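Here the structure is laid out as structure tokens; the discussion comes afterwards.
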Number of protein chains: 2
Amino acid sequence: MFRALLISAILMRAWAAPLPLMPEPARVAVTGGSLSIGAGFRAGIEGYSDARLQAAVARFLTRIERQTGVPQLPGKGVTLRVNCQGRGSEDPVLGEDESYRLEVTPAAALLKANTVTGALRGLETFAQLIVPGPHGFQVPTVQIEDYPRFPWRGLMLDAARHWMPVPVVERNLDAMAAVKLNVFHWHLSDDQGFRVESKRYPRLQQNGSDGHFYTQAEVREVVGYARDRGIRVIPEFDMPGHTTAWFGGYPELASAPGPYSIERRWGIFEPVMDPTREETYAFLDGLLGEMAALFPDRYFHIGGDEVKDLQWKKSQPIQAFARAHGLAESRDLEAYFTRRVQKLLKKHDKTMIGWDEVMEPGLEADAVIQSWRGQASLADAARKGYRSLLSFGYYLDHLKPASAQYAVDPRDSDAGSLTPEQAARILGGEACMWSEYVSAETVDSRIWPRLAAIAERFWSPREVSDPDSMYERMEAVSRSLEWTGITHRSSAAPMLDRLTGGRSARPLEVLAEASEALGIEGRRGARRYSSLVPLNRFVDAVQPESELARRLERAVDRVTSDPAAAAELRGKLAEWAENEIGVRSLADGNALLAELIPLAHNLSAMARMGLGALDVLEKHQPAAPGWVAQQSKELEELDQPVAEVRLAAARPVRRLLASVARRAAEIRLQPLETARVRCGNEPRCNGTTTVVNWTYGSVQANMTLENNALGGQSGLH
Amino acid sequence: MFRALLISAILMRAWAAPLPLMPEPARVAVTGGSLSIGAGFRAGIEGYSDARLQAAVARFLTRIERQTGVPQLPGKGVTLRVNCQGRGSEDPVLGEDESYRLEVTPAAALLKANTVTGALRGLETFAQLIVPGPHGFQVPTVQIEDYPRFPWRGLMLDAARHWMPVPVVERNLDAMAAVKLNVFHWHLSDDQGFRVESKRYPRLQQNGSDGHFYTQAEVREVVGYARDRGIRVIPEFDMPGHTTAWFGGYPELASAPGPYSIERRWGIFEPVMDPTREETYAFLDGLLGEMAALFPDRYFHIGGDEVKDLQWKKSQPIQAFARAHGLAESRDLEAYFTRRVQKLLKKHDKTMIGWDEVMEPGLEADAVIQSWRGQASLADAARKGYRSLLSFGYYLDHLKPASAQYAVDPRDSDAGSLTPEQAARILGGEACMWSEYVSAETVDSRIWPRLAAIAERFWSPREVSDPDSMYERMEAVSRSLEWTGITHRSSAAPMLDRLTGGRSARPLEVLAEASEALGIEGRRGARRYSSLVPLNRFVDAVQPESELARRLERAVDRVTSDPAAAAELRGKLAEWAENEIGVRSLADGNALLAELIPLAHNLSAMARMGLGALDVLEKHQPAAPGWVAQQSKELEELDQPVAEVRLAAARPVRRLLASVARRAAEIRLQPLETARVRCGNEPRCNGTTTVVNWTYGSVQANMTLENNALGGQSGLH
């Protein structure tokens with residue numbers, strides 16, 4: 001019913017003041033007033049009500065109390081009315097109605113939804129809207145109509161490589177709900193661990209988990225916890241590869257004789273299930289039946305990725321079986337296995353999902369393909385009639401900037417050539433948090449706040465794509481997410497404190513906020529990592545993306561017009577310049593900090609370079625000839641990864657040098673004259689820039705037209 | 001058995017390197033090596049074992065894992081052997097043996113104790129010893145013999161004025177155990193709330209708690225949680241005053257007709273129990289009986305403080321009763337009440353504790369007096385034959401510096417005139433956390449880390465009293481306490497984030513770390529506080545004592561000799577000087593931040609003053625005549641409370657000015673000449689200072705003898 005409003009929604013968005021909402025709703029109109037959130041704030045249910053909705057409203061009130069610090073003591077009156085048409089489905093299901101309308105006036109707020117799940121989504125929007133203002137905490141008066149673009153919006157969490165205890169899972173479910181994600185894909189087994197209690201085959205967890213597994217009661221608790229938040233839980237038992245941990249208890253499942261034990265290293269390993277023995281399928285029938293009863297969702301993930309065929313090639317019986325059944329290549333053998341497992345799942349009333357390797361001839365049409373190897377296979381699946389999910393581009397363990405993930409769209413590139421019917425088979429996507437380089441302590445900081453940007457990609461209209469707006473809102477949402485219980489911001493300080501042995505960690509904090517942790521590609525070769533290597537070093541406390549560096553980059557653009565920006569920039573550069581001495585002092589006799597000395601040196605050197613550039617800019621004088629080129633060369637030498645982190649500080653310094661270069665290229669003119677000039681080595685410049693630079697008495701300003709678009713700045717000095 | 005070693009302990013302490021231990025053990029010998037704490041670290045129980053000890057060792061290993069980030073995976077071998085002679089008492093009791101010995105060698109560690117409680121204390125010592133070193137996390141090789149000075153070492157927490165949920169209580173019990181406190185005094189009722197479920201008189205919690213009360217199951221859980229950590233739980237039901245919340249459900253207990261409802265304001269109120277009606281005692285008999293069964297400890301607190309007699313004076317029947325019973329004054333009536341309640345408690349097999357007002361003629365000799373009004377009453381109680389506890393001087397809600405509380409000793413002043421037998425009646429003390437100005441969110445930061453200093457006062461030998469050593473160790477212990485789960489350090493950042501509405505709170509963090517929150521005396525008149533006023537402002541996120549200001553004060557003393565100290569000092573002063581602009585920007589249109597603008601202004605002004613002084617010091621030039629006096633005058637004007645905080649930053653700036661003054665008073669001499677001079681307005685100087693100031697070529701140094709003690713510094717420039 002809300003779809004007809006989409007076009008006007010796009011128009012409305014341009015008018016609206018930026019609200020701290022993520023994902024951005026389909027349609028927002030801001031009406032200029034505010035509703036106060038004080039100790040008298042109440043919420044009440046009208047229309048349909050049930051235990052799930054009541055629990056959601058109670059949680060919402062507790063969250064408001066935490067988020068504002070305003071105590072919610074018992075009282076009368078209702079400020080927020082929650083009007084729900086009906087229950088919707090009992091458990092969250094694919095494609096349910098998640099739409100809602102939210103109207104806030106200066107006196108009260110009304111949330112309307114067709115289903116309880118829709119109401120849940122609207123409550124999260126309301127919570128994000130609360131900001132401090134002229135009269136204390138308040139919500140702007142708005143009219144919002146909202147619904148998701150894709151029905152499948154997920155996070156995959158790998159609980160196998162590093163153990164993720166139930167509280168870690170639950171707090172991430174709360175944060176997922178806050179950004180309207182609706183699928184939790186739980187990667188429960190891999191070479192490094194089998195993480196669910198099987199009562200039927202108990203040696204799976206006994207020999208395969210180091211004692212770190214979810215009991216069946218805990219699984220039921222988590223599933224219920226997710227359901228209460230409108231989130232489906234999809235279990236994944238990866239097979240026939242990535243199964244070493246299974247074979248510790250049941251070596252007969254493998255394609256080569258054991259014994260096997262839990263794999264401690266990272267990578268792709270040889271142990272793989274024997275797809276030729278009927279006993280394998282009997283075992284899987286038992287296990288899948290047991291697990292199917294534990295996980296109520298219709299969909300069930302069997303992995304299917306990265307199968308090494310070495311054990312198959314070496315096995316005479318397996319090769320004989322393959323010949324007898326006309327399975328010429330290993331991929332045929334794998335496809336045979338997949339079809340057999342798909343049949344078992346169907347028997348247990350489940351629909352199979354697999355990583356894109358499972359898409360082989362013979363796969364039944366109801367399978368869902370999860371694409372991790374590239375966007376092409378997503379479209380390929382849709383053309384072949386399969387429903388599909390995009391994960392390629394959303395791998396959180398690569399620690400890419402949020403903007404890179406935000407730019408990936410499930411309906412991009414190859415999807416453009418799909419018919420509408422084919423395109424509709426693309427259900428959405430899932431971000432993936434593989435856990436080689438994250439632990440229970442660090443995982444939140446690798447998921448959040450970047451997952452909020454991906455969540456917006458899945459929920460909001462396609463046209464919502466401006467990265468500057470995304471970053472501005474993400475900074476706010478990153479902070480409001482704190483109140484869901486995740487530790488993405490708070491985990492760093494104790495980790496840095498730990499490294500100092502009781503002294504102030506401020507020099508490490510300064511270094512950390514100027515740094516960015518490398519992702520899996522930068523870490524896997526850095527040392528002999530395994531599950532036995534602690535993730536307790538500086539890199540593990542550093543964020544994937546530096547909020548400070550981004551803010552300082554923006555400050556560079558305002559350095560001559562905004563005294564606060566200039567002050568922050570100079571202050572931070574001065575702090576960085578002096579920081580090396582503090583890091584050296586802490587690192588003395590400390591094996592965990594010694595690796596940071598060159599990093600701290602590089603930061604201080606960069607900062608001195610930036611201070612030099614700032615001096616030039618603030619004095620409105622050109623730099624010495626060749627100075628920028630020389631400094632830029634030195635900057636690139638300093639901008640090398642050290643101790644598995646890189647210095648995000650290089651970006652604002654680079655931008656300062658570019659500003660100096662641009663200044664050098666500017667031509668001083670009388671008022672209102674213009675000139676076309678070539679710009680320097682500024683990243684965003686393609687070679688032609690129009691600068692309007694004028695002086696009038698003591699007033700000086702410049703405007704710059706870059707690439708024929710008004711991209712410049714003006715300032716009064 | 002360890003007592004004989006006390007004298008040598010004092011000698012040993014002088015030799016030992018400062019270890020991050022708090023409380024400092026009775027005897028420590030450091031032997032110069034280290035034991036590595038890696039993934040192979042194990043702990044094993046030998047000798048006596050039971051469920052309580054096993055749970056303690058499991059918790060210990062989990063803590064080590066959190067504290068170091070080193071995963072503890074299953075394996076063989078034992079690094080720490082825990083050798084316990086026997087169980088000790090089943091529940092922790094007053095006076096039980098808490099002694100232990102800990103020996104750490106480069107290969108292994110051995111913890112010996114007579115009781116499980118002693119072993120618990122030793123495990124905490126081991127955990128505090130873990131520091132990062134040349135080979136990663138390690139424990140120095142030590143020999144420790146340790147036992148407490150006082151048998152009663154407590155924390156009182158007021159759960160009535162602000163509600164303290166079970167997790168808040170439990171995490172504070174963990175932190176208490178970490179600093180070897182052994183009594184949790186739970187203030188469970190007051191005018192603002194009755195916080196325990198009574199099945200016998202359910203209207204107590206129904207009408208008296210806003211729904212915020214501990215169920216009996218929760219009380220049992222907390223008592224068990226405390227027992228597992230060697231902590232006794234003493235309930236307090238404050239009577240006959242401080243009882244308004246009781247009267248909402250049972251107005252007939254009061255001395256004047258109702259109706260009554262929960263008091264929202266702070267202060268001392270008129271409603272008070274009727275001590276003349278037998279029905280009052282019948283009710284108390286029932287309630288105390290029910291509560292006595294819930295709390296296993298022998299001791300039971302009935303409050304007895306701050307009784308207003310207005311209702312009594314106005315009541316004809318009460319006055320008639322008083323005359324009939326020869327109770328001439330209100331204090332006699334109160335004493336009558338106390339004696340009756342003491343009898344009821346005795347019937348339920350409990351020993352009464354009361355605040356010092358209960359010490360009136362007729363009080364039976366087994367009562368314990370808790371002194372809150374002064375140290376004199378402590379000695380007075382001991383002379384009269386009562387056992388007693390000191391709380392005067394340990395009121396955490398005053399937010400005094402740790403050094404002030406550390407200087408208070410239960411056996412000081414009047415106690416000096418006691419006979420040994422009388423002195424032995426002083427059992428120890430309790431720190432008190434009254435909760436008018438703390439909530440569940442802020443309470444940890446008002447208790448910790450300062451309670452560690454008080455815990456040391458109660459545990460360590462009397463001679464352990466150097467505040468510099470205390471502060472150095474407290475900074476380390478403050479950080480290691482993070483791993484117990486308390487939020488004293490982590491709670492501030494989200495509270496500041498909350499105030500900004502999604503923008504970076506860095507300017508507020510800078511202001512906060514230079515500030516100190518005022519205690520109850522500075523807050524109660526600042527606005528119309530009540531339980532309905534949110535504790536969500538800047539002051540609530542600010543620590544009671546600024547670690548940074550203390551560090552910078554020390555840096556002032558080293559400014560000409562230690563480049564790292566000089567760099568930090570200059571960096572911080574520069575950051576403060578520029579910070580006002582950032583606070584102003586955040587405060588624009590934000591009602592919660594507007595009050596901070598004058599504070600931020602004062603900080604920036606002080607910082608510019610400090611930078612001026614630093615320039616003088618670093619240039620080795622004297623200041624202009626009168627400059628120090630003028631600056632000092634301006635500093636005092638800036639050093640005024642604003643928004644219920646004061647600027648700790650004033651202290652290092654004051655110290656810088658004093659250094660400039662001293663510099664001005666120094667006389668340049670040839671090598672090895674000396675002179676007696678008058679020093680300037682330096683705080684610690686009583687007027688005579690001997691300065692030895694010499695130059696030799698480019699080498700210059702000075703040594704200062706202040707007040708005939710070597711208190712000076714030397715430096716090579």
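Residue numbering restarts at 1 in every chain; chains get A, B, ... in the order shown in the structure tokens, and ligands count up from 1 in that same order.
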
Need to verify the contact set: stretch 611-621 of chain A, 8 Å, only C-alpha atoms, exclusion of same-chain residues closer than 4 positions in sequence. Can you return it as a ChimeraX atom specification? /A:559-560,570,573-574,607,656-657,659-660,663

May I ask you to extract the residues of chain A within 7 Å of chain B, using only C-alpha atoms, and to give them as a PyMOL selection string? chain A and resi 39+67-71+74+131-136+210+475-477+479+490+497-503+532+534-536+564+567+571+575+578+581-582+589-592

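DSSP, applied to the backbone of this structure, assigns strand (DSSP E or B) to the following residues of stretch 134-201 of chain A: Gly136, Phe137, Gln138, Val139, Pro140, Thr141, Val142, Gln143, Ile144, Glu145, Asp146, Trp152, Arg153, Gly154, Leu155, Met156, Leu157, Asp158, Val183, Phe184, His185, Trp186, His187, Leu188, Ser189, Asp190, Gly193, Phe194 and Val196 of chain A.
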
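Minimum distance to B:Lys346 across B:Tyr100, B:Gly289, B:Phe392, B:Ala517 (counting only C-alpha atoms) occurs at B:Gly289.
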
So which one's closest to A:Gly32, A:Pro167, A:Ala514, A:Gln143, A:Glu509? Using only C-alpha atoms, please.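 Distance minimum relative to A:Gly32 lands on A:Gln143.
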
DSSP on the backbone: which residues in stretch 89-253 of chain A end up as alpha helix (DSSP H)? Give the answer as a PyMOL selection string. chain A and resi 116-129+166-178+203-206+216-228+244-247

B:Glu252, B:Glu124, B:Asp190, B:Glu553 ranked by distance to B:Arg265, top pick (using only C-alpha atoms):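 Smallest separation from B:Arg265 among the options: B:Asp190.
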
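Coordinates place atom CA of A:Val443 at a distance of 26.7 Å from atom CA of A:Ser388.
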
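Counting from atom CA of B:Ser435, the distance to atom CA of B:His162 is 5.7 Å.
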
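Checking A:Val438, A:Ala431, A:Val223, A:Ile454 one by one against A:Tyr406, counting only C-alpha atoms, you find the shortest gap at A:Ile454.
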
Determine, counting only C-alpha atoms, which protein, DNA and RNA residues have an atom within 12 Å of an atom of A:Cys432; residues of the same chain fewer than 4 positions away are not included. Present the result as a VMD selection string. chain A and resid 153 to 159 183 to 187 370 to 372 389 to 399 405 443 446 to 447 450 to 451 454

Determine, counting only C-alpha atoms, which protein, DNA and RNA residues have an atom within 9 Å of an atom of A:Arg654; residues of the same chain fewer than 6 positions away are not included. Present the result as a PDB file with N, CA and C atoms, in the first residue's frame.
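The result, written out as part32.pdb:
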```pdb
ATOM      1  N   GLU A 553      39.747  15.205   7.356  1.00  0.00           N
ATOM      2  CA  GLU A 553      39.728  15.461   5.904  1.00  0.00           C
ATOM      3  C   GLU A 553      38.716  16.545   5.567  1.00  0.00           C
ATOM      4  N   GLY A 610      52.053  17.876   7.987  1.00  0.00           N
ATOM      5  CA  GLY A 610      50.735  18.521   7.940  1.00  0.00           C
ATOM      6  C   GLY A 610      50.760  19.895   8.583  1.00  0.00           C
ATOM      7  N   SER A 632      54.956  15.186  -0.682  1.00  0.00           N
ATOM      8  CA  SER A 632      54.061  14.096  -1.091  1.00  0.00           C
ATOM      9  C   SER A 632      54.832  12.793  -1.241  1.00  0.00           C
ATOM     10  N   LEU A 635      55.532  11.512   2.127  1.00  0.00           N
ATOM     11  CA  LEU A 635      54.310  11.011   2.755  1.00  0.00           C
ATOM     12  C   LEU A 635      54.025   9.581   2.307  1.00  0.00           C
ATOM     13  N   GLU A 682      45.784  17.151  -6.967  1.00  0.00           N
ATOM     14  CA  GLU A 682      44.665  16.897  -6.070  1.00  0.00           C
ATOM     15  C   GLU A 682      43.882  15.678  -6.558  1.00  0.00           C
TER      16      GLU A 682
END
```

Residue neighbourhood B:Phe60, 12 Å, only C-alpha atoms, exclusion window fewer than 3 positions, as a VMD selection string: chain B and resid 41 to 44 53 to 57 63 to 67 72 80 82 119 to 128 174 177 to 178 229 483 to 484

Just how far from atom CA of B:Leu378 is atom CA of B:Ser417, in Å to one decimal? 12.0 Å
